[in-house]
file start-v8.tsv (TSV, C-alpha atoms and all ligand atoms)
chain	number	residue	atom	x	y	z
W	28	MET	CA	95.30	121.52	114.83
W	29	THR	CA	93.57	118.64	113.03
W	30	THR	CA	93.33	117.20	109.52
W	31	HIS	CA	91.13	114.29	108.50
W	32	ASP	CA	91.78	111.65	105.81
W	33	THR	CA	88.42	112.23	104.17
W	34	ASP	CA	88.60	116.01	104.52
W	35	ALA	CA	92.02	117.55	103.91
W	36	ARG	CA	91.07	121.04	105.15
W	37	VAL	CA	93.05	122.23	108.15
W	38	ARG	CA	91.02	123.06	111.24
W	39	VAL	CA	92.30	124.87	114.29
W	40	ARG	CA	90.80	124.56	117.76
W	41	ARG	CA	89.92	127.99	119.14
W	42	TYR	CA	87.60	127.32	122.10
W	43	SER	CA	87.03	124.40	124.47
W	44	GLY	CA	83.49	123.16	125.12
W	45	LEU	CA	83.45	124.81	128.55
W	46	ALA	CA	84.57	128.18	127.13
W	47	ARG	CA	81.75	128.02	124.58
W	48	ILE	CA	79.14	127.09	127.21
W	49	ASN	CA	80.44	129.97	129.34
W	50	HIS	CA	80.14	132.41	126.41
W	51	TRP	CA	76.61	131.32	125.47
W	52	VAL	CA	75.40	131.54	129.09
W	53	VAL	CA	76.69	135.15	129.05
W	54	ALA	CA	75.04	135.81	125.68
W	55	ILE	CA	71.66	134.30	126.66
W	56	SER	CA	71.54	136.09	130.02
W	57	PHE	CA	72.50	139.34	128.29
W	58	VAL	CA	69.64	139.04	125.79
W	59	LEU	CA	67.16	138.18	128.58
W	60	LEU	CA	68.39	141.22	130.54
W	61	MET	CA	68.02	143.41	127.47
W	62	LEU	CA	64.39	142.30	126.97
W	63	SER	CA	63.36	142.46	130.64
W	64	GLY	CA	65.34	145.69	131.16
W	65	ALA	CA	63.64	147.38	128.18
W	66	ALA	CA	60.24	146.33	129.59
W	67	LEU	CA	61.07	148.00	132.93
W	68	PHE	CA	62.72	151.03	131.29
W	69	TYR	CA	59.98	152.49	129.11
W	70	PRO	CA	56.18	151.96	128.92
W	71	THR	CA	56.27	151.29	125.15
W	72	PHE	CA	58.21	148.09	125.85
W	73	PHE	CA	56.02	146.97	128.76
W	74	GLY	CA	54.45	144.28	126.54
W	75	LEU	CA	57.76	142.40	126.74
W	76	THR	CA	56.89	141.48	130.36
W	77	ALA	CA	54.57	138.83	128.83
W	78	LEU	CA	57.73	136.88	127.93
W	79	PHE	CA	58.64	136.63	131.62
W	80	GLY	CA	55.22	135.89	133.12
W	81	GLY	CA	54.00	139.47	133.76
W	82	GLY	CA	55.26	142.72	135.32
W	83	GLN	CA	55.92	141.49	138.86
W	84	MET	CA	57.71	138.40	137.65
W	85	THR	CA	59.88	140.52	135.31
W	86	ARG	CA	60.79	142.85	138.19
W	87	TRP	CA	61.71	139.84	140.33
W	88	LEU	CA	63.63	137.98	137.61
W	89	HIS	CA	65.66	140.85	136.10
W	90	PRO	CA	68.09	141.32	139.03
W	91	TRP	CA	68.63	137.57	139.40
W	92	ILE	CA	69.46	137.26	135.70
W	93	GLY	CA	71.85	140.18	136.30
W	94	VAL	CA	73.58	138.14	139.01
W	95	ALA	CA	73.79	135.18	136.58
W	96	LEU	CA	75.32	137.45	133.92
W	97	SER	CA	77.84	138.90	136.37
W	98	VAL	CA	78.97	135.49	137.62
W	99	SER	CA	79.18	134.00	134.11
W	100	PHE	CA	80.91	137.10	132.74
W	101	LEU	CA	83.49	136.82	135.51
W	102	GLY	CA	84.21	133.29	134.21
W	103	LEU	CA	84.66	134.65	130.67
W	104	PHE	CA	86.82	137.47	132.00
W	105	LEU	CA	89.20	135.13	133.84
W	106	ARG	CA	89.33	132.74	130.87
W	107	PHE	CA	90.13	135.37	128.22
W	108	PHE	CA	92.05	137.91	130.34
W	109	TRP	CA	95.58	137.07	129.15
W	110	ALA	CA	94.67	137.04	125.46
W	111	ASN	CA	93.09	140.50	125.78
W	112	LEU	CA	96.04	142.36	127.27
W	113	PRO	CA	96.98	145.33	125.06
W	114	GLU	CA	100.07	145.12	122.81
W	115	PHE	CA	101.78	147.47	120.38
W	116	THR	CA	100.09	145.90	117.31
W	117	ASP	CA	96.70	147.01	118.72
W	118	PHE	CA	97.67	150.65	118.14
W	119	VAL	CA	98.80	149.84	114.60
W	120	TRP	CA	95.50	147.98	114.00
W	121	VAL	CA	93.51	151.03	115.15
W	122	ALA	CA	95.67	153.42	113.09
W	123	ARG	CA	95.02	151.24	110.00
W	124	ILE	CA	91.31	150.68	110.66
W	125	ARG	CA	90.42	151.67	107.08
W	126	HIS	CA	92.34	148.62	105.80
W	127	VAL	CA	90.44	146.45	108.29
W	128	LEU	CA	87.13	147.80	107.02
W	129	SER	CA	88.08	147.44	103.36
W	130	GLY	CA	89.28	143.85	103.93
W	131	HIS	CA	92.94	144.58	103.05
W	132	GLU	CA	94.49	142.71	105.94
W	133	GLU	CA	97.82	142.46	104.08
W	134	TYR	CA	98.50	146.02	105.34
W	135	LEU	CA	98.09	144.96	108.98
W	136	PRO	CA	100.65	143.47	111.33
W	137	GLU	CA	100.20	139.83	112.33
W	138	ILE	CA	97.47	139.62	114.98
W	139	GLY	CA	97.40	137.40	118.07
W	140	LYS	CA	94.27	135.60	119.35
W	141	TYR	CA	92.27	138.85	119.42
W	142	ASN	CA	92.46	142.10	117.46
W	143	ALA	CA	92.09	145.55	119.04
W	144	GLY	CA	88.36	145.64	118.22
W	145	GLN	CA	87.75	142.38	120.07
W	146	LYS	CA	89.84	143.60	123.00
W	147	PHE	CA	87.72	146.75	123.09
W	148	VAL	CA	84.57	144.58	123.38
W	149	PHE	CA	86.18	142.58	126.18
W	150	TRP	CA	87.30	145.56	128.31
W	151	SER	CA	84.29	147.77	127.69
W	152	GLN	CA	81.86	144.97	128.59
W	153	PHE	CA	83.92	144.29	131.71
W	154	VAL	CA	83.53	147.93	132.82
W	155	LEU	CA	79.85	148.12	131.81
W	156	VAL	CA	78.82	144.83	133.45
W	157	SER	CA	80.61	145.96	136.63
W	158	VAL	CA	78.78	149.32	136.58
W	159	MET	CA	75.42	147.60	135.96
W	160	LEU	CA	76.08	145.13	138.80
W	161	VAL	CA	77.00	147.79	141.37
W	162	THR	CA	74.22	150.22	140.40
W	163	GLY	CA	71.72	147.35	140.00
W	164	ILE	CA	72.37	146.19	143.59
W	165	GLY	CA	71.57	149.74	144.72
W	166	LEU	CA	68.20	149.59	142.91
W	167	TRP	CA	67.14	146.21	144.29
W	168	ASP	CA	65.42	145.55	147.63
W	169	GLN	CA	67.51	142.44	148.35
W	170	GLY	CA	70.55	144.40	147.17
W	171	LEU	CA	69.86	147.23	149.64
W	172	ALA	CA	69.54	144.70	152.46
W	173	PHE	CA	72.86	143.21	151.32
W	174	ILE	CA	74.58	146.65	151.33
W	175	ASP	CA	73.13	147.39	154.78
W	176	GLN	CA	74.33	144.07	156.25
W	177	THR	CA	77.75	144.13	154.57
W	178	PHE	CA	78.71	147.82	154.68
W	179	GLY	CA	76.40	149.13	157.40
W	180	PHE	CA	74.67	151.87	155.37
W	181	VAL	CA	71.65	152.30	153.11
W	182	PRO	CA	72.06	154.40	149.94
W	183	THR	CA	70.09	157.66	150.01
W	184	ILE	CA	67.26	158.40	147.56
W	185	ASP	CA	69.58	160.75	145.65
W	186	GLN	CA	72.27	158.08	145.36
W	187	ARG	CA	69.64	155.62	144.11
W	188	ARG	CA	68.49	158.12	141.49
W	189	TRP	CA	72.08	158.45	140.24
W	190	ALA	CA	72.35	154.67	140.28
W	191	ALA	CA	69.20	154.40	138.11
W	192	LEU	CA	70.58	156.90	135.59
W	193	LEU	CA	74.00	155.23	135.43
W	194	HIS	CA	72.40	151.76	135.19
W	195	ALA	CA	70.30	152.78	132.15
W	196	CYS	CA	73.21	154.63	130.44
W	197	ALA	CA	75.56	151.67	130.92
W	198	ALA	CA	72.90	149.31	129.55
W	199	ILE	CA	72.40	151.44	126.40
W	200	VAL	CA	76.16	151.54	125.72
W	201	ALA	CA	76.49	147.77	126.44
W	202	VAL	CA	73.67	146.94	123.99
W	203	THR	CA	75.29	149.14	121.31
W	204	ILE	CA	78.60	147.32	121.79
W	205	LEU	CA	76.80	143.97	121.69
W	206	ILE	CA	75.27	144.90	118.32
W	207	ILE	CA	78.76	145.76	116.98
W	208	HIS	CA	80.10	142.47	118.43
W	209	VAL	CA	77.39	140.35	116.76
W	210	TYR	CA	77.72	142.28	113.50
W	211	ALA	CA	81.51	141.70	113.45
W	212	ALA	CA	81.03	137.99	114.24
W	213	ILE	CA	78.73	137.65	111.20
W	214	TRP	CA	80.65	140.07	108.94
W	215	VAL	CA	84.02	138.31	109.31
W	216	ARG	CA	83.07	135.05	107.60
W	217	GLY	CA	84.00	131.90	109.49
W	218	THR	CA	84.02	133.57	112.93
W	219	MET	CA	80.71	132.14	114.16
W	220	SER	CA	82.00	128.58	113.82
W	221	ALA	CA	84.66	129.46	116.44
W	222	MET	CA	81.95	129.88	119.09
W	223	LEU	CA	79.54	127.27	117.70
W	224	SER	CA	81.82	124.29	117.01
W	225	GLY	CA	85.01	125.50	118.74
W	226	VAL	CA	87.11	125.25	115.57
W	227	VAL	CA	88.04	127.60	112.72
W	228	SER	CA	89.53	126.92	109.31
W	229	GLY	CA	93.29	127.22	108.83
W	230	GLY	CA	92.61	129.91	106.22
W	231	TRP	CA	90.58	131.99	108.68
W	232	ALA	CA	93.31	131.74	111.30
W	233	TRP	CA	96.05	132.57	108.74
W	234	ARG	CA	94.14	135.56	107.39
W	235	HIS	CA	92.86	137.14	110.62
W	236	HIS	CA	95.00	135.87	113.54
W	237	ARG	CA	98.31	134.76	112.03
W	238	LYS	CA	100.43	135.36	115.13
W	239	TRP	CA	98.01	133.20	117.14
W	240	LEU	CA	98.09	130.49	114.46
W	241	ARG	CA	101.91	130.42	114.43
W	242	LYS	CA	101.88	130.02	118.21
W	243	GLU	CA	99.29	127.21	118.07
W	244	VAL	CA	101.30	125.36	115.41
W	245	GLY	CA	104.51	125.79	117.42
W	246	ARG	CA	102.77	124.49	120.54
W	247	ARG	CA	101.38	121.37	118.88
W	248	ILE	CA	104.23	120.24	116.66
W	249	SER	CA	107.18	118.96	118.63
W	250	PRO	CA	110.71	119.58	117.20
W	251	ALA	CA	111.04	115.83	116.46
W	252	GLU	CA	108.08	115.88	114.03
E	1	LIG	C1	74.20	137.45	121.63
E	1	LIG	C2	74.92	137.13	120.64
E	1	LIG	C3	76.41	136.92	120.59
E	1	LIG	C4	77.06	136.38	119.52
E	1	LIG	C5	76.41	135.93	118.20
E	1	LIG	C6	78.46	136.31	119.84
E	1	LIG	C7	79.45	135.79	119.02
E	1	LIG	C8	80.77	135.61	119.36
E	1	LIG	C9	81.76	134.94	118.55
E	1	LIG	C10	81.50	134.30	117.20
E	1	LIG	C11	82.95	135.00	119.20
E	1	LIG	C12	84.30	134.40	118.75
E	1	LIG	C13	85.19	135.49	118.17
E	1	LIG	C14	86.58	134.98	117.89
E	1	LIG	O1	86.99	133.95	118.42
E	1	LIG	O2	87.32	135.63	117.12
E	1	LIG	C15	82.72	135.71	120.44
E	1	LIG	C16	83.68	135.98	121.38
E	1	LIG	C17	83.46	136.71	122.52
E	1	LIG	N1	82.25	137.21	122.96
E	1	LIG	FE1	80.47	137.01	122.02
E	1	LIG	N2	78.66	136.84	121.09
E	1	LIG	C18	77.43	137.22	121.60
E	1	LIG	C19	77.21	137.81	122.83
E	1	LIG	C20	78.19	138.21	123.71
E	1	LIG	C21	77.98	138.98	124.92
E	1	LIG	C22	76.61	139.42	125.43
E	1	LIG	C23	79.20	139.21	125.47
E	1	LIG	C24	79.56	139.96	126.73
E	1	LIG	C25	78.80	140.78	127.36
E	1	LIG	C26	80.18	138.59	124.63
E	1	LIG	C27	81.53	138.59	124.87
E	1	LIG	C28	82.48	137.93	124.11
E	1	LIG	C29	83.90	137.90	124.43
E	1	LIG	C30	84.55	138.58	125.63
E	1	LIG	C31	84.50	137.13	123.43
E	1	LIG	C32	85.99	136.76	123.29
E	1	LIG	C33	86.64	137.78	122.39
E	1	LIG	C34	87.12	138.94	123.19
E	1	LIG	O3	87.75	138.75	124.21
E	1	LIG	O4	86.81	140.07	122.75
E	1	LIG	N3	79.54	138.00	123.57
E	1	LIG	N4	81.39	136.06	120.51

call {"tool": "encode", "arguments": {"input": "start-v8.tsv", "output": "structure tokens"}}
result
Amino acid sequence: MTTHDTDARVRVRRYSGLARINHWVVAISFVLLMLSGAALFYPTFFGLTALFGGGQMTRWLHPWIGVALSVSFLGLFLRFFWANLPEFTDFVWVARIRHVLSGHEEYLPEIGKYNAGQKFVFWSQFVLVSVMLVTGIGLWDQGLAFIDQTFGFVPTIDQRRWAALLHACAAIVAVTILIIHVYAAIWVRGTMSAMLSGVVSGGWAWRHHRKWLRKEVGRRISPAE
């Protein structure tokens, strides 16, 4: 927690520089996958291949960006795992969702680093990225060679058709959740600065994540102070 002589507002550190770089690598690769994936998914969006240097280049790049997303998401997963474990207050938060939506947070219990909505984003994207990785490997020439060498079998045409269906369904759900995630980050004023500058205002922390704030204050102020 920091205060400055010239600026008395309290600021609370929420993310390190590395955590923010990790998050934005995930976000950028996700957006690139969304654009290249849409181009490969439906002819109407084929024009998007121009962004990636044409159809063949898009087909070549898409799986590699998928690998980049999976690796960077794993970093985010390991970093934020502990703060996203479910607790009793998550059920109360969900049960009182109408107070969340109407901005009456005084009716909610004190929230830790993440609320139940944020935890939902975390766990659902973990499942969806995993599904897209596994099914994507089954749809990729290099991926098939990898499966053959590692597990000693090649998926059948039928299995690859199921993989294609699952891959597209998971992508549609993941994009929907991303839209909710971005909307929430903009809607709850002061949240974007957490991921842009790494710090939030004391007021933001007190209003939305009071249990987390209390813990941060306890951690940084020694009993002697
Ligand atoms: C593309 C635009 C994106 C924007 C504007 C954005 C914005 C943000 C912001 C502002 C936070 C901080 C929230 C807080 O500390 O309370 C955050 C956290 C987070 N973001 Fe994003 N994000 C984007 C994309 C993504 C993507 C693509 C993923 C994963 C697939 C993702 C996963 C996460 C996770 C896991 C957290 C930590 C909170 C949690 O565990 O739920 N974000 N994001």

call {"tool": "residues_near_point", "arguments": {"input": "start-v8.tsv", "point": "(98.7, 130.1, 115.5)", "cutoff": "10 Å", "atoms": "all atoms listed in the file", "output": "PyMOL selection string"}}
result
chain W and resi 28+39-41+138-140+229+232-233+236-247

call {"tool": "closest_residue", "arguments": {"input": "start-v8.tsv", "among": "W:Gln176, W:Asn111, W:Ser224, W:Ser129", "to": "ligand LIG 1 (chain E)", "atoms": "only C-alpha atoms and all ligand atoms"}}
result
W:Asn111

call {"tool": "closest_residue", "arguments": {"input": "start-v8.tsv", "among": "W:Leu96, W:Leu112, W:Val209, W:Val215", "to": "ligand LIG 1 (chain E)", "atoms": "only C-alpha atoms and all ligand atoms"}}
result
W:Val209

call {"tool": "residues_near_ligand", "arguments": {"input": "start-v8.tsv", "ligand": "ligand LIG 1 (chain E)", "cutoff": "7 Å", "atoms": "only C-alpha atoms and all ligand atoms", "output": "number ranges by chain"}}
result
W: 41, 50, 53-55, 57-58, 100, 103-104, 107, 111, 141, 145-149, 152, 205, 208-209, 212, 218-222

call {"tool": "closest_residue", "arguments": {"input": "start-v8.tsv", "among": "W:Ala197, W:Arg106, W:Thr177, W:Arg86", "to": "Arg47 in chain W", "atoms": "only C-alpha atoms"}}
result
W:Arg106

call {"tool": "residues_around", "arguments": {"input": "start-v8.tsv", "residues": "Leu192 in chain W", "least_positions_apart": "4", "cutoff": "12 Å", "atoms": "all atoms listed in the file", "output": "number ranges by chain"}}
result
W: 68, 158-159, 162-163, 165-166, 185-188, 196-199

call {"tool": "closest_residue", "arguments": {"input": "start-v8.tsv", "among": "W:Thr183, W:Ser97, W:Asn142, W:Ser228", "to": "Val37 in chain W", "atoms": "all atoms listed in the file"}}
result
W:Ser228

call {"tool": "atom_distance", "arguments": {"input": "start-v8.tsv", "atom1": "CA of Ala190 in chain W", "atom2": "CA of Asn49 in chain W"}}
result
28.2 Å

call {"tool": "atom_distance", "arguments": {"input": "start-v8.tsv", "atom1": "CA of Ser56 in chain W", "atom2": "CA of Ala95 in chain W"}}
result
7.0 Å

call {"tool": "residues_around", "arguments": {"input": "start-v8.tsv", "residues": "Glu132 in chain W", "least_positions_apart": "6", "cutoff": "8 Å", "atoms": "all atoms listed in the file", "output": "list in words"}}
result
His126, Arg234 and His235 of chain W

call {"tool": "closest_residue", "arguments": {"input": "start-v8.tsv", "among": "W:Val156, W:Arg38, W:Val121, W:Val227", "to": "Val200 in chain W", "atoms": "all atoms listed in the file"}}
result
W:Val156

call {"tool": "atom_distance", "arguments": {"input": "start-v8.tsv", "atom1": "CA of Ile174 in chain W", "atom2": "CA of Met61 in chain W"}}
result
25.0 Å

call {"tool": "axis_aligned_box", "arguments": {"input": "start-v8.tsv", "around": "range 80-98 of chain W", "padding_each_side": "6 Å", "output": "AutoDock Vina command-line options"}}
result
--center_x 66.5 --center_y 139.0 --center_z 136.7 --size_x 37.0 --size_y 19.7 --size_z 19.2

call {"tool": "residues_around", "arguments": {"input": "start-v8.tsv", "residues": "Leu75 in chain W", "least_positions_apart": "6", "cutoff": "7 Å", "atoms": "all atoms listed in the file", "output": "PDB file with C-alpha atoms, in the frame of the given file"}}
result
ATOM      1  CA  LEU W  62      64.390 142.300 126.970  1.00  0.00           C
ATOM      2  CA  SER W  63      63.360 142.460 130.640  1.00  0.00           C
ATOM      3  CA  ALA W  66      60.240 146.330 129.590  1.00  0.00           C
TER       4      ALA W  66
END
